[in-house]
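Okay, structure first, notes after.
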Amino acid sequence: MASKLALPTDPPLPERLDRHLLDTVGVVPAQASTGALSQALSQVARAELSRRWVAGEQADGVAKARRVYYLSMEFLIGRSLGNAVAALGLEGPAAESVATHARTLEDLQAQEPDAALGNGGLGRLAACFLDSMATLGLPSFGYGIRYEFGMFAQEIHGGRQVEYPDPWLADGTPWEFPRPETTHRVRFGGWVERAEAPDVPPIWRHAGEVMAKAYDHVVPGHATDRVATLRLWKAAAPAHIDLHAFNSGDYARAAEFKNEYENISWVLYPNDSTPAGRELRLRQEYFFTSASLQDIVARHLAEHGRLANLAEHVAIHLNDTHPAIGVAELMRLLVDEQGFSWAPAWAMTRRIFSYTNHTLMPEALETWSVALMQQVLPRHLEIIFRINHDFLLEAGAQRPGDADFLRRISLIDEHGERRVRMAHLAVVGSHQVNGVSALHSDLLVHTIFADFANLWPGRFCNVTNGVTPRRWLAQANRGLSGVLDARLGPAWRRDLGELRRLAEHAGDPALQADVMAAKRQNKARLAALIDRETGIDVDPASLFDVQVKRIHEYKRQLLNLLHAVTRYRAILAQPHAAWQPRTVIFAGKAASSYHRAKQIIRLIHDVGAVVNDDARIGGRLKVVFVPNYGVAAAELIMPGADLSEQISTAGTEASGTGNMKLALNGALTIGTDDGANIEIRQAVGDSNIFIFGKRTHEVAAMRAAGYQPLRLYESNPQLKGVLDSIAAGAFSPDEPTRYRDLVDSLLWGGDHYLLLADYEDYVATQGRVDALYADPAAWARKAILNIAGMGPFSADRTIGEYAERIWSLPVRS
Ligand code: 26V
């Protein structure tokens, strides 16, 4: 396909690189800096990707392909150069050309800022999905926001998180294609004017409008010419706004006007723990959803000339409820702007949308006050009321007289201030709704969506998450990839099930030696990162115990820390025992407004400061925090881990994907019976994973029976000693009361996430981890069995399931 457009005389790579240095970057090739070389190599890749993109678009246009559109507030892309070079099969020649300039590919990659347009799991999942959609050859688009500032950069000052803006676009990016000819008007506010005749749609007299301008990122497929498109929208003030104020000579006012409109795409909400509750957030959601839907409709009209067959050619996926307003927006476009009557428009809408839920945390379930929606999106509110009216009639007919049922399922929460429940809108407006692991999907239909599942059992399904093996194994872990290539050949990159063939060799000492040698190198690389970032010297021979993820109480970094303190005290008590040396590694960001999470970061640092410098410990325990966790840091950390901490309270972590990345890189998991841990356990075998703690039904039962953490504290002297030492200031001698309220929240505040309930089993299980690590062959065997079992956790498998069961898209390559 791409060959049709390939230029006949593409010079060899070194020449192309020099040409871009000269023509595009504007430097003398022989004197090129690392930054200039990075730019030029990016341009080489960009040119090739651009041709593939054009060819694919043409082919899809001719075929009138059915397309999938993945709407997401977040895409945690990370760096693009290494991935592009690998996807194009240019790693060898690129490395050679770069070597002639006395640099390595890694040097060039390190120049690139992370595209951190996301908070955590949900955003990174969207990025892995794009990689798989391209690789599987699906005609696919991601749609999102081109945030000027992505996820904040985290620095640690005196043990405390400090947030800095992330101006990732400040120096431009070679990876985007501005599409100035593609803009859409997005309107806000005003009122709705009733039409005279009953069948004529009302008119939305909006109060303001903002332009959405398209910027495309080409997403390369691997071992295929196919690419996917990530289209991100930037908000721009309409031209007349500028002109008006400028013409009257008031430049400051002109700038103010401009800002009022353009702030929509300025900054990512750095918060996945509490709904921001801010009008700007609602505007962001509507802005990118409306622009995307207008774009989809325009593309369809250009290709088909009519919209009646829209549902045959378009699947739109809602990544959580953030774009759920799209259900009302598509109705508005069809009914108000395209002249459809309500019933056929609604039938199409329901066929087109599907929705994934990513969390059960009540505080992350979005609702918008009716008053705010009335003010910002008055026509959409009307449409939502109409959808709700029809829906409650339909549902009420099934349970006559059950007013409580209707209250529970209504799109409007009538308790207190009236609010629109976006998850309900997404469920009612979609033909399929899924959770992201077997347990999570099961909990969805038994808890928050139980009433809906009773109404429409066929609407709910599970699609367990996955990760792309290209970025998370092939690129991040060259050492292990080389070992796998030698044993299995290269096909695992596209068919991760190939890893299964390792299992029969798990006991082979030669394979064990190779795998563990790669691990050791990755640990040395991670140790160097830790030294660079924190100045702490860690021993690559120690067990690297890793917990990396957003800092949140339910993820229980604090439980991990309680174990570290337990171990510290135990070593002091028995200094001559044969302790397995350990390095406990944390990384992750806390939402800026999440005080408790920030306090946990501080405690990690305080514990590290005491433990790491205690001569009596003699380096047998280190506690470190790697700052500014993001995709780039994860690519260095995952391959260097021995032990993967996945210790959320059972029933709280929807899936987890870090658990998959770590196991894929040969770490053993210590984890609870939660999220995808359960499926990882099934895939790798019970004896190759450390599962501990209360299970979901036990958690529920304990809470129902009146959980009493104080009893556990009083009956377990080890636990009591640990909590007392923290509360008494053993790790904060300059301010002994610093953590008293934290400890009190466990003892007296209900310990909502049941740290104390799982503590004893956790500590005992960590003991079993030590014992296994002391037997290198046994450990290596289990590490290999973990890698071998990870086939099902490829995002290719996940996307294949979405394509078949939800999007009705043929998978080709
Ligand atoms: C909510 C909000 C509320 C408003 C402010 C910004 C914001 C940003 C994100 C969210 C929802 C976050 C949900 C999330 O990231 N869930 C994670 O999704 C992963 C992919 O499915 C899954 O592996 C994790 O278990 C789940 O926590």
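To be explicit about the labels: the chains of the structure tokens are called A, B, and onward in the order shown, and within each one the residues are counted from 1, while ligands get numbers from 1 in the order they are shown.
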
Shell around Asn688 in chain A at 9 Å using only C-alpha atoms, local window under 4 positions removed, as an mmCIF file with all heavy atoms, in the first residue's frame:
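Below is the file out39.cif, written as the result:
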```
data_model
loop_
_atom_site.group_PDB
_atom_site.id
_atom_site.type_symbol
_atom_site.label_atom_id
_atom_site.label_comp_id
_atom_site.auth_asym_id
_atom_site.auth_seq_id
_atom_site.Cartn_x
_atom_site.Cartn_y
_atom_site.Cartn_z
ATOM 1 N N LEU A 668 8.131 -10.941 39.614
ATOM 2 C CA LEU A 668 7.089 -11.723 40.281
ATOM 3 C C LEU A 668 6.158 -10.761 40.997
ATOM 4 O O LEU A 668 6.607 -9.726 41.502
ATOM 5 C CB LEU A 668 7.708 -12.690 41.289
ATOM 6 C CG LEU A 668 8.071 -14.084 40.739
ATOM 7 C CD1 LEU A 668 9.074 -13.983 39.600
ATOM 8 C CD2 LEU A 668 8.618 -14.971 41.841
ATOM 9 N N THR A 669 4.896 -11.111 41.047
ATOM 10 C CA THR A 669 3.904 -10.225 41.658
ATOM 11 C C THR A 669 3.642 -10.617 43.099
ATOM 12 O O THR A 669 3.441 -11.810 43.389
ATOM 13 C CB THR A 669 2.575 -10.313 40.877
ATOM 14 O OG1 THR A 669 2.820 -9.949 39.517
ATOM 15 C CG2 THR A 669 1.520 -9.381 41.467
ATOM 16 N N ARG A 681 -2.771 -14.302 37.862
ATOM 17 C CA ARG A 681 -2.568 -15.511 38.662
ATOM 18 C C ARG A 681 -2.987 -16.749 37.872
ATOM 19 O O ARG A 681 -2.267 -17.752 37.832
ATOM 20 C CB ARG A 681 -3.396 -15.408 39.932
ATOM 21 C CG ARG A 681 -3.447 -16.656 40.775
ATOM 22 C CD ARG A 681 -4.535 -16.488 41.848
ATOM 23 N NE ARG A 681 -4.306 -17.350 42.989
ATOM 24 C CZ ARG A 681 -4.916 -17.182 44.165
ATOM 25 N NH1 ARG A 681 -5.772 -16.189 44.336
ATOM 26 N NH2 ARG A 681 -4.673 -18.005 45.151
ATOM 27 N N VAL A 684 -0.295 -17.360 35.046
ATOM 28 C CA VAL A 684 1.077 -17.775 35.388
ATOM 29 C C VAL A 684 1.095 -18.962 36.348
ATOM 30 O O VAL A 684 2.126 -19.609 36.508
ATOM 31 C CB VAL A 684 1.923 -16.613 35.966
ATOM 32 C CG1 VAL A 684 1.921 -15.414 35.021
ATOM 33 C CG2 VAL A 684 1.454 -16.209 37.361
ATOM 34 N N ARG A 781 13.279 -19.493 37.555
ATOM 35 C CA ARG A 781 12.277 -20.346 36.922
ATOM 36 C C ARG A 781 10.902 -19.681 36.971
ATOM 37 O O ARG A 781 10.175 -19.623 35.980
ATOM 38 C CB ARG A 781 12.252 -21.707 37.638
ATOM 39 C CG ARG A 781 11.308 -22.680 37.031
ATOM 40 C CD ARG A 781 11.366 -24.052 37.698
ATOM 41 N NE ARG A 781 10.133 -24.736 37.381
ATOM 42 C CZ ARG A 781 8.998 -24.589 38.060
ATOM 43 N NH1 ARG A 781 8.971 -23.816 39.140
ATOM 44 N NH2 ARG A 781 7.901 -25.207 37.678
ATOM 45 N N LYS A 782 10.568 -19.149 38.122
ATOM 46 C CA LYS A 782 9.255 -18.505 38.256
ATOM 47 C C LYS A 782 9.192 -17.207 37.443
ATOM 48 O O LYS A 782 8.143 -16.876 36.873
ATOM 49 C CB LYS A 782 8.932 -18.245 39.728
ATOM 50 C CG LYS A 782 8.641 -19.536 40.507
ATOM 51 C CD LYS A 782 8.180 -19.222 41.911
ATOM 52 C CE LYS A 782 8.229 -20.431 42.845
ATOM 53 N NZ LYS A 782 7.283 -21.487 42.499
ATOM 54 N N ALA A 783 10.297 -16.499 37.391
ATOM 55 C CA ALA A 783 10.311 -15.272 36.572
ATOM 56 C C ALA A 783 10.030 -15.640 35.112
ATOM 57 O O ALA A 783 9.241 -14.972 34.425
ATOM 58 C CB ALA A 783 11.653 -14.560 36.709
ATOM 59 N N LEU A 785 8.430 -18.251 34.025
ATOM 60 C CA LEU A 785 7.030 -18.684 33.890
ATOM 61 C C LEU A 785 6.073 -17.487 33.889
ATOM 62 O O LEU A 785 4.998 -17.538 33.285
ATOM 63 C CB LEU A 785 6.672 -19.678 34.993
ATOM 64 C CG LEU A 785 7.344 -21.050 34.811
ATOM 65 C CD1 LEU A 785 7.094 -21.944 36.029
ATOM 66 C CD2 LEU A 785 6.845 -21.740 33.534
ATOM 67 N N ASN A 786 6.486 -16.422 34.564
ATOM 68 C CA ASN A 786 5.672 -15.204 34.490
ATOM 69 C C ASN A 786 5.709 -14.619 33.077
ATOM 70 O O ASN A 786 4.671 -14.274 32.511
ATOM 71 C CB ASN A 786 6.146 -14.169 35.510
ATOM 72 C CG ASN A 786 5.420 -14.307 36.836
ATOM 73 O OD1 ASN A 786 4.414 -13.650 37.072
ATOM 74 N ND2 ASN A 786 5.891 -15.228 37.690
#
```

Spatial neighbours of His20 in chain A, 10 Å, only C-alpha atoms, chain gap at least 2 places, as a PDB file with N, CA and C atoms, in the first residue's frame:
```
ATOM      1  N   GLU A  15      22.189   9.361   4.424  1.00  0.00           N
ATOM      2  CA  GLU A  15      21.987  10.542   3.560  1.00  0.00           C
ATOM      3  C   GLU A  15      20.725  11.299   3.921  1.00  0.00           C
ATOM      4  N   ARG A  16      19.660  10.530   4.195  1.00  0.00           N
ATOM      5  CA  ARG A  16      18.397  11.185   4.568  1.00  0.00           C
ATOM      6  C   ARG A  16      18.573  11.987   5.855  1.00  0.00           C
ATOM      7  N   LEU A  17      19.332  11.386   6.770  1.00  0.00           N
ATOM      8  CA  LEU A  17      19.570  12.069   8.053  1.00  0.00           C
ATOM      9  C   LEU A  17      20.321  13.380   7.815  1.00  0.00           C
ATOM     10  N   ASP A  18      21.377  13.317   7.022  1.00  0.00           N
ATOM     11  CA  ASP A  18      22.165  14.527   6.751  1.00  0.00           C
ATOM     12  C   ASP A  18      21.333  15.560   5.997  1.00  0.00           C
ATOM     13  N   LEU A  22      20.455  19.376   7.270  1.00  0.00           N
ATOM     14  CA  LEU A  22      20.715  20.561   6.464  1.00  0.00           C
ATOM     15  C   LEU A  22      19.430  21.309   6.111  1.00  0.00           C
ATOM     16  N   ASP A  23      18.453  20.570   5.563  1.00  0.00           N
ATOM     17  CA  ASP A  23      17.271  21.228   4.983  1.00  0.00           C
ATOM     18  C   ASP A  23      16.228  21.606   6.031  1.00  0.00           C
ATOM     19  N   THR A  24      15.986  20.729   7.002  1.00  0.00           N
ATOM     20  CA  THR A  24      14.860  20.938   7.920  1.00  0.00           C
ATOM     21  C   THR A  24      15.318  21.563   9.231  1.00  0.00           C
ATOM     22  N   VAL A  25      16.427  21.024   9.770  1.00  0.00           N
ATOM     23  CA  VAL A  25      16.869  21.516  11.080  1.00  0.00           C
ATOM     24  C   VAL A  25      17.744  22.763  10.917  1.00  0.00           C
ATOM     25  N   GLY A  26      18.492  22.804   9.793  1.00  0.00           N
ATOM     26  CA  GLY A  26      19.284  23.997   9.527  1.00  0.00           C
ATOM     27  C   GLY A  26      20.612  24.029  10.265  1.00  0.00           C
ATOM     28  N   VAL A  27      21.315  22.884  10.265  1.00  0.00           N
ATOM     29  CA  VAL A  27      22.650  22.851  10.882  1.00  0.00           C
ATOM     30  C   VAL A  27      23.619  22.114   9.955  1.00  0.00           C
ATOM     31  N   PRO A  29      25.751  19.190   9.147  1.00  0.00           N
ATOM     32  CA  PRO A  29      25.678  17.815   9.663  1.00  0.00           C
ATOM     33  C   PRO A  29      26.863  17.422  10.537  1.00  0.00           C
ATOM     34  N   ALA A  36      19.815  18.312  17.629  1.00  0.00           N
ATOM     35  CA  ALA A  36      19.599  18.456  16.187  1.00  0.00           C
ATOM     36  C   ALA A  36      19.493  17.078  15.522  1.00  0.00           C
ATOM     37  N   LEU A  37      20.336  16.158  15.974  1.00  0.00           N
ATOM     38  CA  LEU A  37      20.275  14.797  15.408  1.00  0.00           C
ATOM     39  C   LEU A  37      18.929  14.151  15.722  1.00  0.00           C
ATOM     40  N   GLN A  39      16.126  15.696  16.185  1.00  0.00           N
ATOM     41  CA  GLN A  39      15.157  16.348  15.304  1.00  0.00           C
ATOM     42  C   GLN A  39      15.198  15.740  13.903  1.00  0.00           C
ATOM     43  N   ALA A  40      16.416  15.602  13.396  1.00  0.00           N
ATOM     44  CA  ALA A  40      16.561  15.148  12.011  1.00  0.00           C
ATOM     45  C   ALA A  40      16.090  13.703  11.857  1.00  0.00           C
ATOM     46  N   LEU A  41      16.436  12.864  12.822  1.00  0.00           N
ATOM     47  CA  LEU A  41      15.993  11.462  12.711  1.00  0.00           C
ATOM     48  C   LEU A  41      14.472  11.385  12.823  1.00  0.00           C
ATOM     49  N   SER A  42      13.910  12.247  13.670  1.00  0.00           N
ATOM     50  CA  SER A  42      12.446  12.292  13.774  1.00  0.00           C
ATOM     51  C   SER A  42      11.837  12.674  12.431  1.00  0.00           C
ATOM     52  N   GLN A  43      12.482  13.589  11.740  1.00  0.00           N
ATOM     53  CA  GLN A  43      11.958  14.015  10.438  1.00  0.00           C
ATOM     54  C   GLN A  43      12.039  12.890   9.410  1.00  0.00           C
ATOM     55  N   VAL A  44      13.090  12.100   9.483  1.00  0.00           N
ATOM     56  CA  VAL A  44      13.204  10.948   8.570  1.00  0.00           C
ATOM     57  C   VAL A  44      12.012  10.016   8.803  1.00  0.00           C
TER      58      VAL A  44
END
```

Give me, as a PyMOL selection string, the set of residues whose atoms come within 7 Å of any atom of ligand 1, counting only C-alpha atoms and all ligand atoms.
chain A and resi 119-123+125+269-276+358-359+364+366+436+465+653-657+675

Please identify all polymer residues within 8 Å of Ser542 in chain A, counting only C-alpha atoms, omitting same-chain residues fewer than 6 positions from it, and present them as a list in words.
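Close residues of Ser542 in chain A: Gln580, Pro581, Arg582, Thr583 and Arg620 of chain A.
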
Since we have the selection now, will you write its residues out, keeping N, CA and C atoms, as a PDB file, in the first residue's frame?
```
ATOM      1  N   GLN A 580      17.747 -10.968  53.630  1.00  0.00           N
ATOM      2  CA  GLN A 580      17.876 -10.782  52.190  1.00  0.00           C
ATOM      3  C   GLN A 580      17.886  -9.263  51.907  1.00  0.00           C
ATOM      4  N   PRO A 581      18.966  -8.739  51.352  1.00  0.00           N
ATOM      5  CA  PRO A 581      18.984  -7.291  51.070  1.00  0.00           C
ATOM      6  C   PRO A 581      17.868  -6.889  50.084  1.00  0.00           C
ATOM      7  N   ARG A 582      17.236  -5.761  50.365  1.00  0.00           N
ATOM      8  CA  ARG A 582      16.107  -5.300  49.567  1.00  0.00           C
ATOM      9  C   ARG A 582      16.175  -3.806  49.298  1.00  0.00           C
ATOM     10  N   THR A 583      15.752  -3.426  48.127  1.00  0.00           N
ATOM     11  CA  THR A 583      15.570  -2.016  47.802  1.00  0.00           C
ATOM     12  C   THR A 583      14.104  -1.809  47.477  1.00  0.00           C
ATOM     13  N   ARG A 620      21.232  -3.274  54.035  1.00  0.00           N
ATOM     14  CA  ARG A 620      20.350  -4.417  53.775  1.00  0.00           C
ATOM     15  C   ARG A 620      18.913  -4.001  53.483  1.00  0.00           C
TER      16      ARG A 620
END
```

Spatial neighbours of range 376-388 of chain A, max dist 8 Å, only C-alpha atoms, sep filter under 3 positions, as a list in words:
Phe188, Gly189, Gly190, Trp191, Val192, Trp204, Arg283, Ile325, Ala328, Glu329, Met331, Arg332, Val370, Leu372, Met373, Phe391, Leu392, Ser410, Leu411, Ile412 and Leu425 of chain A

Could you name the residues that touch Val546 in chain A at 12 Å or less, counting only C-alpha atoms, but leaving out those on the same chain fewer than 3 positions away, as a PyMOL selection string?
chain A and resi 523+526+543+549+557+560-561+582-588+622-626+634+636-647+658-659+661-663+667-671

Just give me the gap between CA of Ala771 in chain A and CA of Glu553 in chain A in Å, one decimal is fine.
29.0 Å

With only C-alpha atoms as the atoms that count, which of A:Tyr70, A:Asn462, A:Gln475, A:Tyr143 lies nearest to Ser437 in chain A?
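Closest residue, counting only C-alpha atoms: A:Asn462.
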
Between A:Pro180, A:Gly489, A:Gly144, A:Gly326, which has the minimum distance to Phe288 in chain A (counting only C-alpha atoms)?
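Looking at the shortest contact to Phe288 in chain A, the residue is A:Gly144.
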
Determine the nearest neighbour of Ser265 in chain A from the options A:Arg419, A:Lys213, A:Arg567, A:Arg711, counting only C-alpha atoms.
A:Lys213

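You can rank A:Thr135, A:Ser97, A:Gln58, A:Ser481 by their closest distance to Thr468 in chain A using only C-alpha atoms, and at the top of that list sits A:Thr135.
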
Neighbouring residues of Lys64 in chain A were defined as those with any atom within 12 Å, considering only C-alpha atoms; residues of the same chain fewer than 5 positions away were excluded. Please report them as a VMD selection string.
chain A and resid 56 to 59 139 299 to 305 309 to 310 312 to 314

Which residue out of A:Ala609, A:Ala84, A:Ile784, A:Ile806 has the minimum interatomic distance to Phe460 in chain A when only C-alpha atoms are used?
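Smallest distance to Phe460 in chain A is found for A:Ile806.
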
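One finds CA of Ile691 in chain A at 5.4 Å from CA of Thr672 in chain A.
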
Do a neighbour search on Ala774 in chain A at 10 Å with only C-alpha atoms, toss out local chain neighbours closer than 4 positions, and write the hits as a ChimeraX atom specification.
/A:543,579-580,768-770,778-779

Those residues with N, CA and C atoms, as an mmCIF file, in the first residue's frame please?
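Done, and the output landed in selection08.cif:
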```
data_model
loop_
_atom_site.group_PDB
_atom_site.id
_atom_site.type_symbol
_atom_site.label_atom_id
_atom_site.label_comp_id
_atom_site.auth_asym_id
_atom_site.auth_seq_id
_atom_site.Cartn_x
_atom_site.Cartn_y
_atom_site.Cartn_z
ATOM 1 N N LEU A 543 17.233 -7.290 46.256
ATOM 2 C CA LEU A 543 15.935 -7.548 45.628
ATOM 3 C C LEU A 543 15.267 -6.195 45.348
ATOM 4 N N TRP A 579 19.523 -11.590 56.593
ATOM 5 C CA TRP A 579 18.492 -10.811 55.893
ATOM 6 C C TRP A 579 18.766 -10.733 54.401
ATOM 7 N N GLN A 580 17.747 -10.968 53.630
ATOM 8 C CA GLN A 580 17.876 -10.782 52.190
ATOM 9 C C GLN A 580 17.886 -9.263 51.907
ATOM 10 N N ARG A 768 8.015 -15.032 52.537
ATOM 11 C CA ARG A 768 8.116 -16.096 51.528
ATOM 12 C C ARG A 768 8.840 -15.600 50.278
ATOM 13 N N VAL A 769 8.663 -14.324 49.976
ATOM 14 C CA VAL A 769 9.385 -13.727 48.837
ATOM 15 C C VAL A 769 10.888 -13.813 49.095
ATOM 16 N N ASP A 770 11.298 -13.425 50.289
ATOM 17 C CA ASP A 770 12.728 -13.488 50.642
ATOM 18 C C ASP A 770 13.279 -14.898 50.474
ATOM 19 N N ALA A 778 15.353 -21.183 41.565
ATOM 20 C CA ALA A 778 13.898 -21.274 41.738
ATOM 21 C C ALA A 778 13.238 -19.955 41.365
ATOM 22 N N TRP A 779 13.885 -18.861 41.762
ATOM 23 C CA TRP A 779 13.342 -17.538 41.414
ATOM 24 C C TRP A 779 13.341 -17.354 39.889
#
```

Of the candidates A:Leu360, A:Ala438, A:Ala730, A:Ile409, which shows the shortest atom-to-atom distance to Thr652 in chain A, using only C-alpha atoms?
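Of A:Leu360, A:Ala438, A:Ala730, A:Ile409, the one nearest Thr652 in chain A, counting only C-alpha atoms, is A:Leu360.
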
Name the residues of range 697-763 of chain A that fall into helix (DSSP H, G or I) according to DSSP on the backbone, using the chain letters and numbers of this document, as a ChimeraX atom specification.
/A:697-704,709-715,717-727,740-747,755-763

Could you pull out the strand (DSSP E or B) residues of range 569-726 of chain A from DSSP and send them as a short mmCIF file (atom, residue, chain, number, x, y, z; two decimals) with C-alpha atoms, in the first residue's frame?
```
data_model
loop_
_atom_site.label_atom_id
_atom_site.label_comp_id
_atom_site.auth_asym_id
_atom_site.auth_seq_id
_atom_site.Cartn_x
_atom_site.Cartn_y
_atom_site.Cartn_z
CA ARG A 582 16.11 -5.30 49.57
CA THR A 583 15.57 -2.02 47.80
CA VAL A 584 12.01 -0.76 48.11
CA ILE A 585 11.34 1.52 45.14
CA PHE A 586 8.37 3.85 44.88
CA ALA A 587 7.35 6.27 42.17
CA LEU A 621 17.31 -2.20 53.34
CA LYS A 622 16.91 0.93 51.23
CA VAL A 623 13.76 2.91 50.59
CA VAL A 624 13.80 5.18 47.56
CA PHE A 625 11.35 7.38 45.70
CA LEU A 643 9.05 -7.84 42.63
CA SER A 644 5.86 -6.09 41.51
CA GLU A 645 3.67 -4.63 44.26
CA GLN A 646 -0.05 -4.78 43.33
CA LEU A 668 7.09 -11.72 40.28
CA THR A 669 3.90 -10.23 41.66
CA ILE A 670 3.01 -9.80 45.29
CA GLY A 671 -0.60 -8.77 45.16
CA PHE A 690 2.32 -14.25 45.79
CA ILE A 691 -1.35 -13.56 46.51
#
```
